[in-house]
Amino acid sequence: MNIDNKDPILITGAAGFIGAALSIKLLNHGLRIIGVDNLNSYYDKNLKLNRLKNIERNSSNFRNWNFENISITNRNKLKEIFYSYKPRVVINLAAQAGVRYSLKNPQEYINTNLVGFSYILESCKEFEIQNFIYASSSSVYGGNNKFPFQEDQKVDNPLSLYAATKVSNELMANAYSHLYKIPTTGLRFFTVYGPWGRPDMAPMIFAKSIFERRPIDVFNFGKMQRDFTYIDDIVEGIYRCCFKKPQLSNYLDSDSKKDNFLNVPHQIFNIGNSKPVELLHFINLLEVNIGIKAIKNFKEMQLGDVKKTFANTEKLNKWIDYSPSTSIDKGVELFIKWYREYYNY
Ligand SMILES: NC(=O)c1ccc[n+]([C@@H]2O[C@H](COP(=O)([O-])OP(=O)(O)OC[C@H]3O[C@@H](n4cnc5c(N)ncnc54)[C@H](O)[C@@H]3O)[C@@H](O)[C@H]2O)c1
């Protein structure tokens with residue numbers, strides 16, 4: 001599909017790690033963006049505000065940027081935004097993220113990830129959105145131990161409430177897509193890292209403690225594996241999906257046809273690096289780039305965590321002719337370069 005700057009793209013969670021990087025990319029491609037975020041204090045709000053400033057600094061087309069500080073759980077305000085900007089494409093990245101926090105504060109996940117998500121779907125229906133893209137997660141694979149993870153594997157065994165909300169989003173999106181023929185794409189992100197990252201995730205937690213020479217908790221004795229995926233690769237994948245909407249009868253191959261027998265314009269893709277890295281190796285790369293040895297506090301596996309993630313991205317590759325490819329060595333180098341500059345280390 002063609003999109004020009006008269007067709008605004010609405011991005012929720014625009015002050016977040018992925019949303020802010022995506023906003024810069026789309027603005028620099030001449031597109032008009034409406035960013036929505038409630039700037040909540042789940043983690044350092046200043047980082048979110050600075051990401052917004054960074055969007056202004058790094059966008060050649062800053063006049064194409066509008067920001068609205070609202071919650072997607074505010075149904076009326078959300079509707080007003082759809083009504084006044086008339087977006088053609090909607091990308092929902094707003095969510096209460098984090099697996100561990102969902103054990104402590106389940107209600108936030110219900111409010112934003114389920115109720116808020118349902119309001120987004122309702123608005124997509126009412127305003128006849130041409131292409132709806134939303135964030136899912138590798139966590140939907142739960143305790144699945146058949147690697148690499150493939151989109152047609154069962155996802156009915158989530159290990160946390162966070163994962164359960166992401167599985168639910170996929171089902172809700174499928175229902176709306178079936179009922180109202182909204183072209184819908186779900187992207188299962190695999191452990192995203194890089195500049196402007198999330199302070200609640202291991203790369204940022206570890207980097208901070210290593211710089212400050214404080215001990216780090218290494219769960220499952222460091223034997224966990226994650227398919228770490230560099231932020232620019234994630235953003236490139238989302239960008240390409242904006243221009244390719246699932247259509248009725250738009251089948252990739254006979255396998256997808258079998259799965260999609262109801263002919264629903266909804267597709268789900270893994271987006272990950274397809275090279276799982278052991279946690280201890282990741283920590284070692286941080287140590288090398290920071291130039292300080294980590295003090296490691298080995299611990300048992302945490303409730304809700306999975307041992308390994310590993311994306312098969314063949315389906316995505318066929319769809320948009322792209323798969324993430326930034327090496328972990330390069331990605332960690334760029335991440336630590338940014339970290340030093342941002343936090344003045
Ligand atoms: N970063 C990853 O590794 C990863 C992996 C899998 C899935 N995801 C998913 O990708 C999406 C983006 O993740 P991220 O890493 O950028 O997270 P993030 O927390 O940095 O960004 C989410 C943004 O949404 C905003 N938000 C939360 N609740 C809101 C609400 N009710 N209304 C409006 N805004 C709200 C937050 O303020 C935040 O800025 C999320 O849906 C997340 O679940 C991320």
# chains A, B, ... in the order shown; residues from 1 in each chain; ligands from 1
call {"tool": "residues_near_ligand", "arguments": {"ligand": "ligand 1", "cutoff": "7 Å", "atoms": "only C-alpha atoms and all ligand atoms", "output": "NGL selection string"}}
result
:A and (12-19 or 36-40 or 48 or 70-73 or 93-97 or 112 or 116 or 135-138 or 188-193 or 198)
call {"tool": "residues_around", "arguments": {"residues": "Leu334 in chain A", "least_positions_apart": "2", "cutoff": "12 Å", "atoms": "only C-alpha atoms", "output": "list in words"}}
result
Tyr193, Gly194, Pro195, Trp196, Gly197, Tyr230, Ile231, Asp232, Leu285, Leu286, Asn289, Ile290, Thr326, Ser327, Ile328, Asp329, Lys330, Gly331, Val332, Ile336, Lys337, Trp338, Tyr339, Arg340 and Glu341 of chain A
call {"tool": "closest_atom_pairs", "arguments": {"of": "range 60-175 of chain A", "to": "range 233-239 of chain A", "cutoff": "12 Å", "atoms": "only C-alpha atoms", "output": "JSON lines"}}
result
{"residue": "A:Val89", "atom": "CA", "partner": "A:Tyr239", "partner_atom": "CA", "distance": 11.3}
{"residue": "A:Val90", "atom": "CA", "partner": "A:Ile238", "partner_atom": "CA", "distance": 11.4}
{"residue": "A:Ile91", "atom": "CA", "partner": "A:Ile238", "partner_atom": "CA", "distance": 8.7}
{"residue": "A:Asn92", "atom": "CA", "partner": "A:Ile238", "partner_atom": "CA", "distance": 11.0}
{"residue": "A:Leu93", "atom": "CA", "partner": "A:Ile238", "partner_atom": "CA", "distance": 10.8}
{"residue": "A:Asn131", "atom": "CA", "partner": "A:Ile238", "partner_atom": "CA", "distance": 12.0}
{"residue": "A:Phe132", "atom": "CA", "partner": "A:Ile238", "partner_atom": "CA", "distance": 11.2}
{"residue": "A:Ile133", "atom": "CA", "partner": "A:Ile238", "partner_atom": "CA", "distance": 8.1}
{"residue": "A:Tyr134", "atom": "CA", "partner": "A:Ile238", "partner_atom": "CA", "distance": 9.4}
{"residue": "A:Ala135", "atom": "CA", "partner": "A:Ile238", "partner_atom": "CA", "distance": 9.5}
call {"tool": "write_last_selection", "arguments": {"atoms": "N, CA, C and O atoms", "output": "PDB file, in the first residue's frame"}}
result
ATOM      1  N   VAL A  89      -3.132   4.414   9.176  1.00  0.00           N
ATOM      2  CA  VAL A  89      -2.416   3.267   9.726  1.00  0.00           C
ATOM      3  C   VAL A  89      -2.280   3.476  11.232  1.00  0.00           C
ATOM      4  O   VAL A  89      -2.016   4.598  11.677  1.00  0.00           O
ATOM      5  N   VAL A  90      -2.488   2.413  12.018  1.00  0.00           N
ATOM      6  CA  VAL A  90      -2.342   2.501  13.481  1.00  0.00           C
ATOM      7  C   VAL A  90      -1.344   1.440  13.932  1.00  0.00           C
ATOM      8  O   VAL A  90      -1.425   0.280  13.514  1.00  0.00           O
ATOM      9  N   ILE A  91      -0.381   1.875  14.763  1.00  0.00           N
ATOM     10  CA  ILE A  91       0.612   0.928  15.296  1.00  0.00           C
ATOM     11  C   ILE A  91       0.509   0.966  16.817  1.00  0.00           C
ATOM     12  O   ILE A  91       0.817   1.989  17.439  1.00  0.00           O
ATOM     13  N   ASN A  92       0.026  -0.104  17.418  1.00  0.00           N
ATOM     14  CA  ASN A  92      -0.163  -0.105  18.877  1.00  0.00           C
ATOM     15  C   ASN A  92       1.042  -0.729  19.585  1.00  0.00           C
ATOM     16  O   ASN A  92       1.234  -1.944  19.558  1.00  0.00           O
ATOM     17  N   LEU A  93       1.836   0.144  20.212  1.00  0.00           N
ATOM     18  CA  LEU A  93       2.980  -0.325  20.999  1.00  0.00           C
ATOM     19  C   LEU A  93       2.762  -0.056  22.485  1.00  0.00           C
ATOM     20  O   LEU A  93       3.518  -0.545  23.318  1.00  0.00           O
ATOM     21  N   ASN A 131      -4.723  -0.288   7.968  1.00  0.00           N
ATOM     22  CA  ASN A 131      -3.674  -1.225   8.338  1.00  0.00           C
ATOM     23  C   ASN A 131      -3.407  -1.071   9.835  1.00  0.00           C
ATOM     24  O   ASN A 131      -3.043   0.010  10.285  1.00  0.00           O
ATOM     25  N   PHE A 132      -3.634  -2.129  10.579  1.00  0.00           N
ATOM     26  CA  PHE A 132      -3.414  -2.084  12.032  1.00  0.00           C
ATOM     27  C   PHE A 132      -2.282  -3.047  12.389  1.00  0.00           C
ATOM     28  O   PHE A 132      -2.343  -4.239  12.087  1.00  0.00           O
ATOM     29  N   ILE A 133      -1.248  -2.477  13.024  1.00  0.00           N
ATOM     30  CA  ILE A 133      -0.082  -3.283  13.425  1.00  0.00           C
ATOM     31  C   ILE A 133       0.009  -3.209  14.950  1.00  0.00           C
ATOM     32  O   ILE A 133      -0.191  -2.136  15.523  1.00  0.00           O
ATOM     33  N   TYR A 134       0.277  -4.314  15.605  1.00  0.00           N
ATOM     34  CA  TYR A 134       0.367  -4.267  17.071  1.00  0.00           C
ATOM     35  C   TYR A 134       1.505  -5.132  17.580  1.00  0.00           C
ATOM     36  O   TYR A 134       1.924  -6.090  16.927  1.00  0.00           O
ATOM     37  N   ALA A 135       2.001  -4.757  18.772  1.00  0.00           N
ATOM     38  CA  ALA A 135       3.119  -5.476  19.393  1.00  0.00           C
ATOM     39  C   ALA A 135       2.615  -6.708  20.114  1.00  0.00           C
ATOM     40  O   ALA A 135       1.796  -6.613  21.023  1.00  0.00           O
TER      41      ALA A 135
END
call {"tool": "closest_residue", "arguments": {"among": "A:Asp321, A:Glu170, A:Asp156, A:Asp7", "to": "Leu114 in chain A", "atoms": "only C-alpha atoms"}}
result
A:Glu170
call {"tool": "select_by_dssp", "arguments": {"residues": "range 148-230 of chain A", "states": "helix (DSSP H, G or I)", "output": "number ranges by chain"}}
result
A: 161-180, 202-211, 219-222
call {"tool": "closest_residue", "arguments": {"among": "A:Ser139, A:Leu248, A:Ile210, A:Asp200", "to": "Asp44 in chain A", "atoms": "only C-alpha atoms"}}
result
A:Asp200
call {"tool": "atom_distance", "arguments": {"atom1": "CA of Pro183 in chain A", "atom2": "CA of Asn263 in chain A"}}
result
11.4 Å
call {"tool": "closest_residue", "arguments": {"among": "A:Leu31, A:Met301, A:Ile110, A:Ala294", "to": "Trp65 in chain A", "atoms": "only C-alpha atoms"}}
result
A:Leu31
call {"tool": "select_by_dssp", "arguments": {"residues": "range 168-341 of chain A", "states": "strand (DSSP E)", "output": "VMD selection string"}}
result
chain A and resid 184 to 189 192 to 193 216 to 218 225 to 226 229 to 230 266 to 271 277 to 278 296 to 298
call {"tool": "closest_atom_pairs", "arguments": {"of": "range 90-163 of chain A", "to": "range 267-274 of chain A", "cutoff": "8 Å", "atoms": "only C-alpha atoms", "output": "CSV"}}
result
residue,atom,partner,partner_atom,distance
A:Ser138,CA,A:Asn270,CA,7.4
A:Pro148,CA,A:Ser274,CA,7.8
A:Gln150,CA,A:Asn270,CA,7.4
A:Glu151,CA,A:Phe269,CA,6.5
call {"tool": "residues_around", "arguments": {"residues": "Ser209 in chain A", "least_positions_apart": "5", "cutoff": "9 Å", "atoms": "only C-alpha atoms", "output": "PyMOL selection string"}}
result
chain A and resi 204+214-216+294-295
call {"tool": "closest_residue", "arguments": {"among": "A:Pro265, A:Gly142, A:Pro158, A:Pro203", "to": "His178 in chain A", "atoms": "only C-alpha atoms"}}
result
A:Pro265
call {"tool": "closest_residue", "arguments": {"among": "A:Ser84, A:Ser160, A:Asn46, A:Asn74", "to": "Ser118 in chain A", "atoms": "only C-alpha atoms"}}
result
A:Asn74
call {"tool": "decode", "arguments": {"residues": "range 185-219 of chain A", "atoms": "N, CA and C atoms", "output": "PDB file, in the first residue's frame"}}
result
ATOM      1  N   THR A 185      -1.722  -6.855  11.538  1.00  0.00           N
ATOM      2  CA  THR A 185      -0.437  -7.569  11.630  1.00  0.00           C
ATOM      3  C   THR A 185       0.040  -7.594  13.074  1.00  0.00           C
ATOM      4  N   GLY A 186       0.282  -8.763  13.620  1.00  0.00           N
ATOM      5  CA  GLY A 186       0.832  -8.900  14.975  1.00  0.00           C
ATOM      6  C   GLY A 186       2.310  -9.238  14.870  1.00  0.00           C
ATOM      7  N   LEU A 187       3.138  -8.492  15.603  1.00  0.00           N
ATOM      8  CA  LEU A 187       4.584  -8.741  15.556  1.00  0.00           C
ATOM      9  C   LEU A 187       5.062  -9.240  16.908  1.00  0.00           C
ATOM     10  N   ARG A 188       5.612 -10.447  16.921  1.00  0.00           N
ATOM     11  CA  ARG A 188       6.142 -11.009  18.170  1.00  0.00           C
ATOM     12  C   ARG A 188       7.602 -10.593  18.297  1.00  0.00           C
ATOM     13  N   PHE A 189       7.852  -9.539  19.102  1.00  0.00           N
ATOM     14  CA  PHE A 189       9.220  -9.046  19.288  1.00  0.00           C
ATOM     15  C   PHE A 189       9.997  -9.967  20.222  1.00  0.00           C
ATOM     16  N   PHE A 190      11.278 -10.151  19.901  1.00  0.00           N
ATOM     17  CA  PHE A 190      12.173 -10.954  20.740  1.00  0.00           C
ATOM     18  C   PHE A 190      13.195 -10.012  21.402  1.00  0.00           C
ATOM     19  N   THR A 191      13.254 -10.032  22.739  1.00  0.00           N
ATOM     20  CA  THR A 191      14.176  -9.225  23.581  1.00  0.00           C
ATOM     21  C   THR A 191      14.924  -8.113  22.843  1.00  0.00           C
ATOM     22  N   VAL A 192      14.289  -6.948  22.801  1.00  0.00           N
ATOM     23  CA  VAL A 192      14.851  -5.818  22.061  1.00  0.00           C
ATOM     24  C   VAL A 192      15.851  -5.074  22.958  1.00  0.00           C
ATOM     25  N   TYR A 193      16.986  -4.664  22.383  1.00  0.00           N
ATOM     26  CA  TYR A 193      17.981  -3.918  23.162  1.00  0.00           C
ATOM     27  C   TYR A 193      18.611  -2.867  22.260  1.00  0.00           C
ATOM     28  N   GLY A 194      19.290  -1.913  22.877  1.00  0.00           N
ATOM     29  CA  GLY A 194      19.979  -0.882  22.107  1.00  0.00           C
ATOM     30  C   GLY A 194      19.831   0.470  22.766  1.00  0.00           C
ATOM     31  N   PRO A 195      20.309   1.546  22.086  1.00  0.00           N
ATOM     32  CA  PRO A 195      20.219   2.900  22.628  1.00  0.00           C
ATOM     33  C   PRO A 195      18.787   3.275  23.005  1.00  0.00           C
ATOM     34  N   TRP A 196      18.628   4.051  24.051  1.00  0.00           N
ATOM     35  CA  TRP A 196      17.331   4.511  24.563  1.00  0.00           C
ATOM     36  C   TRP A 196      16.474   3.349  25.073  1.00  0.00           C
ATOM     37  N   GLY A 197      17.158   2.290  25.550  1.00  0.00           N
ATOM     38  CA  GLY A 197      16.475   1.065  25.975  1.00  0.00           C
ATOM     39  C   GLY A 197      15.669   1.227  27.250  1.00  0.00           C
ATOM     40  N   ARG A 198      15.120   0.098  27.691  1.00  0.00           N
ATOM     41  CA  ARG A 198      14.229   0.106  28.852  1.00  0.00           C
ATOM     42  C   ARG A 198      14.990  -0.194  30.131  1.00  0.00           C
ATOM     43  N   PRO A 199      14.904   0.700  31.132  1.00  0.00           N
ATOM     44  CA  PRO A 199      15.653   0.499  32.378  1.00  0.00           C
ATOM     45  C   PRO A 199      15.206  -0.702  33.197  1.00  0.00           C
ATOM     46  N   ASP A 200      14.056  -1.314  32.839  1.00  0.00           N
ATOM     47  CA  ASP A 200      13.606  -2.494  33.589  1.00  0.00           C
ATOM     48  C   ASP A 200      14.106  -3.786  32.954  1.00  0.00           C
ATOM     49  N   MET A 201      14.837  -3.690  31.845  1.00  0.00           N
ATOM     50  CA  MET A 201      15.295  -4.909  31.165  1.00  0.00           C
ATOM     51  C   MET A 201      16.780  -5.179  31.445  1.00  0.00           C
ATOM     52  N   ALA A 202      17.163  -6.459  31.323  1.00  0.00           N
ATOM     53  CA  ALA A 202      18.509  -6.890  31.723  1.00  0.00           C
ATOM     54  C   ALA A 202      19.647  -6.031  31.140  1.00  0.00           C
ATOM     55  N   PRO A 203      19.659  -5.696  29.838  1.00  0.00           N
ATOM     56  CA  PRO A 203      20.813  -4.939  29.325  1.00  0.00           C
ATOM     57  C   PRO A 203      21.051  -3.632  30.090  1.00  0.00           C
ATOM     58  N   MET A 204      19.965  -2.886  30.383  1.00  0.00           N
ATOM     59  CA  MET A 204      20.113  -1.604  31.092  1.00  0.00           C
ATOM     60  C   MET A 204      20.428  -1.838  32.577  1.00  0.00           C
ATOM     61  N   ILE A 205      19.790  -2.831  33.177  1.00  0.00           N
ATOM     62  CA  ILE A 205      20.042  -3.111  34.609  1.00  0.00           C
ATOM     63  C   ILE A 205      21.498  -3.517  34.796  1.00  0.00           C
ATOM     64  N   PHE A 206      21.966  -4.409  33.918  1.00  0.00           N
ATOM     65  CA  PHE A 206      23.351  -4.887  34.027  1.00  0.00           C
ATOM     66  C   PHE A 206      24.341  -3.750  33.769  1.00  0.00           C
ATOM     67  N   ALA A 207      24.108  -2.983  32.698  1.00  0.00           N
ATOM     68  CA  ALA A 207      25.060  -1.921  32.348  1.00  0.00           C
ATOM     69  C   ALA A 207      25.205  -0.950  33.522  1.00  0.00           C
ATOM     70  N   LYS A 208      24.082  -0.542  34.109  1.00  0.00           N
ATOM     71  CA  LYS A 208      24.119   0.414  35.227  1.00  0.00           C
ATOM     72  C   LYS A 208      24.962  -0.138  36.387  1.00  0.00           C
ATOM     73  N   SER A 209      24.671  -1.403  36.767  1.00  0.00           N
ATOM     74  CA  SER A 209      25.385  -1.976  37.911  1.00  0.00           C
ATOM     75  C   SER A 209      26.866  -2.172  37.608  1.00  0.00           C
ATOM     76  N   ILE A 210      27.184  -2.570  36.380  1.00  0.00           N
ATOM     77  CA  ILE A 210      28.601  -2.783  36.058  1.00  0.00           C
ATOM     78  C   ILE A 210      29.342  -1.441  36.119  1.00  0.00           C
ATOM     79  N   PHE A 211      28.762  -0.401  35.516  1.00  0.00           N
ATOM     80  CA  PHE A 211      29.399   0.927  35.573  1.00  0.00           C
ATOM     81  C   PHE A 211      29.591   1.371  37.023  1.00  0.00           C
ATOM     82  N   GLU A 212      28.597   1.068  37.876  1.00  0.00           N
ATOM     83  CA  GLU A 212      28.659   1.520  39.279  1.00  0.00           C
ATOM     84  C   GLU A 212      29.372   0.519  40.185  1.00  0.00           C
ATOM     85  N   ARG A 213      29.934  -0.542  39.582  1.00  0.00           N
ATOM     86  CA  ARG A 213      30.680  -1.588  40.298  1.00  0.00           C
ATOM     87  C   ARG A 213      29.836  -2.209  41.409  1.00  0.00           C
ATOM     88  N   ARG A 214      28.542  -2.385  41.116  1.00  0.00           N
ATOM     89  CA  ARG A 214      27.651  -3.059  42.058  1.00  0.00           C
ATOM     90  C   ARG A 214      27.319  -4.452  41.520  1.00  0.00           C
ATOM     91  N   PRO A 215      26.986  -5.419  42.406  1.00  0.00           N
ATOM     92  CA  PRO A 215      26.710  -6.787  41.941  1.00  0.00           C
ATOM     93  C   PRO A 215      25.470  -6.867  41.046  1.00  0.00           C
ATOM     94  N   ILE A 216      25.463  -7.822  40.125  1.00  0.00           N
ATOM     95  CA  ILE A 216      24.268  -8.052  39.305  1.00  0.00           C
ATOM     96  C   ILE A 216      23.697  -9.429  39.646  1.00  0.00           C
ATOM     97  N   ASP A 217      22.361  -9.535  39.644  1.00  0.00           N
ATOM     98  CA  ASP A 217      21.715 -10.834  39.862  1.00  0.00           C
ATOM     99  C   ASP A 217      21.672 -11.569  38.525  1.00  0.00           C
ATOM    100  N   VAL A 218      22.271 -12.751  38.492  1.00  0.00           N
ATOM    101  CA  VAL A 218      22.282 -13.527  37.250  1.00  0.00           C
ATOM    102  C   VAL A 218      21.389 -14.756  37.461  1.00  0.00           C
ATOM    103  N   PHE A 219      20.170 -14.672  36.893  1.00  0.00           N
ATOM    104  CA  PHE A 219      19.197 -15.738  37.165  1.00  0.00           C
ATOM    105  C   PHE A 219      19.493 -17.008  36.364  1.00  0.00           C
TER     106      PHE A 219
END
